[in-house]
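One file, structure-v8.cif, is given below (mmCIF, C-alpha atoms).
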data_work
#
loop_
_atom_site.label_atom_id
_atom_site.label_comp_id
_atom_site.auth_asym_id
_atom_site.auth_seq_id
_atom_site.Cartn_x
_atom_site.Cartn_y
_atom_site.Cartn_z
CA MET R 79 14.59 -36.07 36.88
CA HIS R 80 13.84 -34.61 40.33
CA ALA R 81 17.57 -34.79 41.20
CA ALA R 82 18.44 -33.06 37.93
CA GLY R 83 15.94 -30.29 38.67
CA ALA R 84 17.38 -29.88 42.16
CA LEU R 85 20.90 -29.73 40.73
CA LEU R 86 19.84 -27.09 38.23
CA ALA R 87 18.15 -25.02 40.95
CA VAL R 88 21.11 -25.28 43.33
CA CYS R 89 23.58 -24.63 40.54
CA GLY R 90 21.65 -21.50 39.57
CA LEU R 91 21.69 -20.34 43.19
CA VAL R 92 25.43 -21.00 43.53
CA LEU R 93 26.13 -19.26 40.24
CA GLY R 94 24.07 -16.24 41.23
CA VAL R 95 26.10 -15.86 44.42
CA LEU R 96 29.59 -16.86 43.26
CA GLY R 97 29.97 -15.33 39.84
CA LYS R 98 29.72 -15.87 36.13
CA PRO R 99 29.80 -19.43 34.77
CA SER R 100 31.00 -20.57 31.41
CA PRO R 101 28.04 -20.63 28.97
CA ASP R 102 25.40 -23.22 29.83
CA PHE R 103 27.58 -24.89 32.47
CA CYS R 104 24.64 -26.26 34.47
CA SER R 105 23.00 -27.62 31.33
CA GLN R 106 26.23 -29.32 30.32
CA ILE R 107 26.56 -31.03 33.70
CA LEU R 108 22.91 -32.14 33.71
CA LYS R 109 23.06 -33.53 30.17
CA SER R 110 26.47 -35.08 30.66
CA ASP R 111 26.93 -38.77 31.25
CA VAL R 112 29.75 -37.91 33.68
CA LYS R 113 28.53 -39.24 37.00
CA PRO R 114 30.03 -38.09 40.30
CA GLY R 115 32.78 -40.42 41.43
CA PHE R 116 33.19 -42.29 38.13
CA PRO R 117 35.91 -41.32 35.64
CA LYS R 118 34.76 -41.25 32.02
CA THR R 119 36.88 -41.33 28.90
CA ILE R 120 36.63 -38.08 26.97
CA LYS R 121 37.92 -37.20 23.49
CA THR R 122 41.51 -35.99 23.53
CA ASN R 123 40.63 -33.10 21.21
CA ASP R 124 37.79 -31.83 23.44
CA PRO R 125 38.30 -28.08 24.06
CA ASP R 126 38.14 -28.58 27.85
CA VAL R 127 40.80 -31.29 27.62
CA LEU R 128 43.02 -29.02 25.53
CA ARG R 129 42.62 -26.19 28.07
CA ALA R 130 43.55 -28.59 30.89
CA ALA R 131 46.60 -29.76 28.91
CA ARG R 132 47.66 -26.12 28.43
CA HIS R 133 47.42 -25.56 32.20
CA SER R 134 49.61 -28.63 32.70
CA ALA R 135 52.28 -27.21 30.38
CA GLU R 136 52.10 -23.82 32.09
CA SER R 137 52.55 -25.49 35.49
CA PHE R 138 55.57 -27.34 34.17
CA ASN R 139 57.01 -24.05 32.91
CA ASN R 140 56.52 -22.46 36.32
CA CYS R 141 58.52 -25.26 37.97
CA SER R 142 61.16 -25.79 35.31
CA ASN R 143 64.60 -24.16 35.22
CA ASP R 144 64.79 -24.63 31.45
CA ALA R 145 65.59 -21.52 29.43
CA PHE R 146 62.77 -22.36 26.98
CA LEU R 147 59.03 -22.69 27.44
CA PHE R 148 57.28 -26.02 26.93
CA ARG R 149 53.89 -26.46 25.30
CA GLU R 150 51.48 -29.37 25.06
CA SER R 151 52.05 -31.32 21.85
CA ARG R 152 49.70 -34.30 22.17
CA VAL R 153 47.09 -35.65 24.56
CA SER R 154 47.09 -39.44 24.25
CA ARG R 155 44.47 -40.20 26.92
CA ALA R 156 41.90 -38.13 28.78
CA LEU R 157 39.45 -38.95 31.56
CA VAL R 158 37.07 -36.62 33.34
CA GLN R 159 35.46 -37.11 36.71
CA ALA R 160 32.82 -34.99 38.41
CA HIS R 161 33.35 -34.58 42.14
CA PRO R 162 30.29 -34.02 44.31
CA LEU R 163 30.17 -31.48 47.09
CA SER R 164 26.83 -33.00 48.09
CA PRO R 165 24.37 -35.27 46.27
CA GLN R 166 22.92 -32.21 44.48
CA ILE R 167 26.02 -30.06 43.90
CA VAL R 168 29.04 -30.82 41.74
CA LYS R 169 32.20 -29.38 43.32
CA GLY R 170 34.18 -29.45 40.13
CA LEU R 171 35.62 -31.55 37.35
CA LYS R 172 38.91 -33.38 37.50
CA PHE R 173 40.67 -34.05 34.20
CA MET R 174 43.22 -36.88 34.21
CA LEU R 175 45.53 -36.60 31.22
CA ASP R 176 48.41 -38.37 29.58
CA VAL R 177 50.00 -35.47 27.73
CA ASP R 178 53.26 -34.91 25.89
CA ILE R 179 54.87 -31.51 26.26
CA GLY R 180 57.64 -30.27 24.00
CA ARG R 181 60.29 -27.59 24.21
CA THR R 182 59.46 -24.55 22.12
CA THR R 183 61.61 -21.89 20.49
CA CYS R 184 60.33 -19.29 22.97
CA ARG R 185 62.57 -18.29 25.82
CA LYS R 186 61.00 -17.91 29.25
CA THR R 187 62.00 -14.29 29.57
CA GLY R 188 59.43 -11.93 28.16
CA HIS R 189 57.13 -14.37 26.38
CA ALA R 190 53.51 -14.64 27.47
CA ASN R 191 51.52 -16.50 24.79
CA LEU R 192 52.33 -20.17 24.17
CA ASP R 193 50.16 -20.14 21.03
CA ASP R 194 52.90 -18.10 19.34
CA CYS R 195 55.62 -20.61 20.26
CA GLY R 196 56.65 -23.23 17.73
CA PHE R 197 58.43 -26.42 18.71
CA GLN R 198 62.20 -26.66 18.50
CA THR R 199 63.50 -27.86 15.14
CA ASN R 200 67.16 -27.91 16.20
CA ARG R 201 67.81 -31.59 17.06
CA THR R 202 70.11 -30.72 19.95
CA LEU R 203 67.38 -28.56 21.56
CA GLN R 204 64.37 -30.80 20.86
CA TRP R 205 62.95 -32.38 23.98
CA THR R 206 59.58 -34.00 24.61
CA LEU R 207 58.37 -35.18 28.00
CA SER R 208 55.53 -37.60 28.72
CA CYS R 209 53.40 -36.38 31.61
CA TYR R 210 50.51 -37.53 33.72
CA SER R 211 48.46 -34.60 34.94
CA GLU R 212 45.38 -34.07 37.08
CA VAL R 213 43.67 -30.73 36.57
CA TRP R 214 40.78 -29.46 38.70
CA VAL R 215 38.34 -27.14 36.95
CA ILE R 216 35.64 -25.19 38.78
CA PRO R 217 34.03 -23.25 35.91
CA TRP R 218 31.64 -21.09 37.91
CA LEU R 219 34.58 -19.79 39.95
CA GLN R 220 36.74 -19.59 36.81
CA THR R 221 39.36 -21.61 38.70
CA THR R 222 41.79 -24.16 37.29
CA LYS R 223 44.45 -25.90 39.36
CA VAL R 224 46.97 -28.54 38.40
CA SER R 225 47.05 -30.84 41.44
CA VAL R 226 49.29 -33.59 40.02
CA LEU R 227 52.02 -33.34 37.38
CA HIS R 228 54.52 -36.14 36.82
CA CYS R 229 56.77 -35.85 33.77
CA HIS R 230 59.57 -38.06 32.48
#

Rendering of file as structure tokens:
Amino acid sequence: MHAAGALLAVCGLVLGVLGKPSPDFCSQILKSDVKPGFPKTIKTNDPDVLRAARHSAESFNNCSNDAFLFRESRVSRALVQAHPLSPQIVKGLKFMLDVDIGRTTCRKTGHANLDDCGFQTNRTLQWTLSCYSEVWVIPWLQTTKVSVLHCH
């Protein structure tokens, strides 16, 4: 428990200096069974997994020349791994996802919210890609970065 107390104290110090965390972030890390260095299976409908999948789709859209936006349609597998900065400080969480993304009816020009985009129903325009994605999340810095995205 001494290590957990140290982590909570250091996390509080880091949070006080670096900015606002998501609610109860330190408590979530301390109570979590995610150990630094070891990937853990996480539910595919977990809100953090769904946010990471959305970031994956947005990264694909930023790199794609397609006229339409793509949106995550299904997460078939999700792992999460805590990465230590030191024995007492967690640097961030890495989500490793197998995610399908599908072409939506929204054109890239002038459309900002993927939640408003339905999937293509026209058979000639339907297209789903299977992707592997790694998404780094550093909640106390409110930073998310897709470091790996392979789609086919």

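Atom pair CA of Ala131 (chain R) / CA of Ala145 (chain R) has a distance of 20.7 Å (rounded to one decimal).
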
Next on the checklist: Selection in question (the file shown): the PyMOL selection byres ((chain R and resi 137) around 12). Which residues does it include, as a ChimeraX atom specification?
Outcome noted: /R:130-136,138-142,147-150,179,209,211-213,222-229

Checklist entry - Expressed in Å to a single decimal, how great is the separation between CA of Ala190 (chain R) and CA of Leu128 (chain R)? => result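 Those two atoms sit 17.9 Å apart.
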
Next on the checklist: Can you measure CA of Ser208 (chain R) to CA of Thr221 (chain R) for me? One decimal in Å is fine.
Outcome noted: 24.8 Å

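Distances from R:Pro162, R:Gly180, R:Pro125, R:Pro217 to Gln204 (chain R) were compared using all atoms listed in the file, and the smallest one belongs to R:Gly180.
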
Checklist entry - Any chance you could work out the residue set of the PyMOL selection byres ((chain R and resi 170) around 6) here, as a ChimeraX atom specification? => result /R:160-161,168-169,171,215-216

Could the residues in this selection be written to a file with C-alpha atoms, as an mmCIF file, keeping the file's coordinate frame?
data_model
loop_
_atom_site.group_PDB
_atom_site.id
_atom_site.type_symbol
_atom_site.label_atom_id
_atom_site.label_comp_id
_atom_site.auth_asym_id
_atom_site.auth_seq_id
_atom_site.Cartn_x
_atom_site.Cartn_y
_atom_site.Cartn_z
ATOM 1 C CA ALA R 160 32.820 -34.990 38.410
ATOM 2 C CA HIS R 161 33.350 -34.580 42.140
ATOM 3 C CA VAL R 168 29.040 -30.820 41.740
ATOM 4 C CA LYS R 169 32.200 -29.380 43.320
ATOM 5 C CA LEU R 171 35.620 -31.550 37.350
ATOM 6 C CA VAL R 215 38.340 -27.140 36.950
ATOM 7 C CA ILE R 216 35.640 -25.190 38.780
#
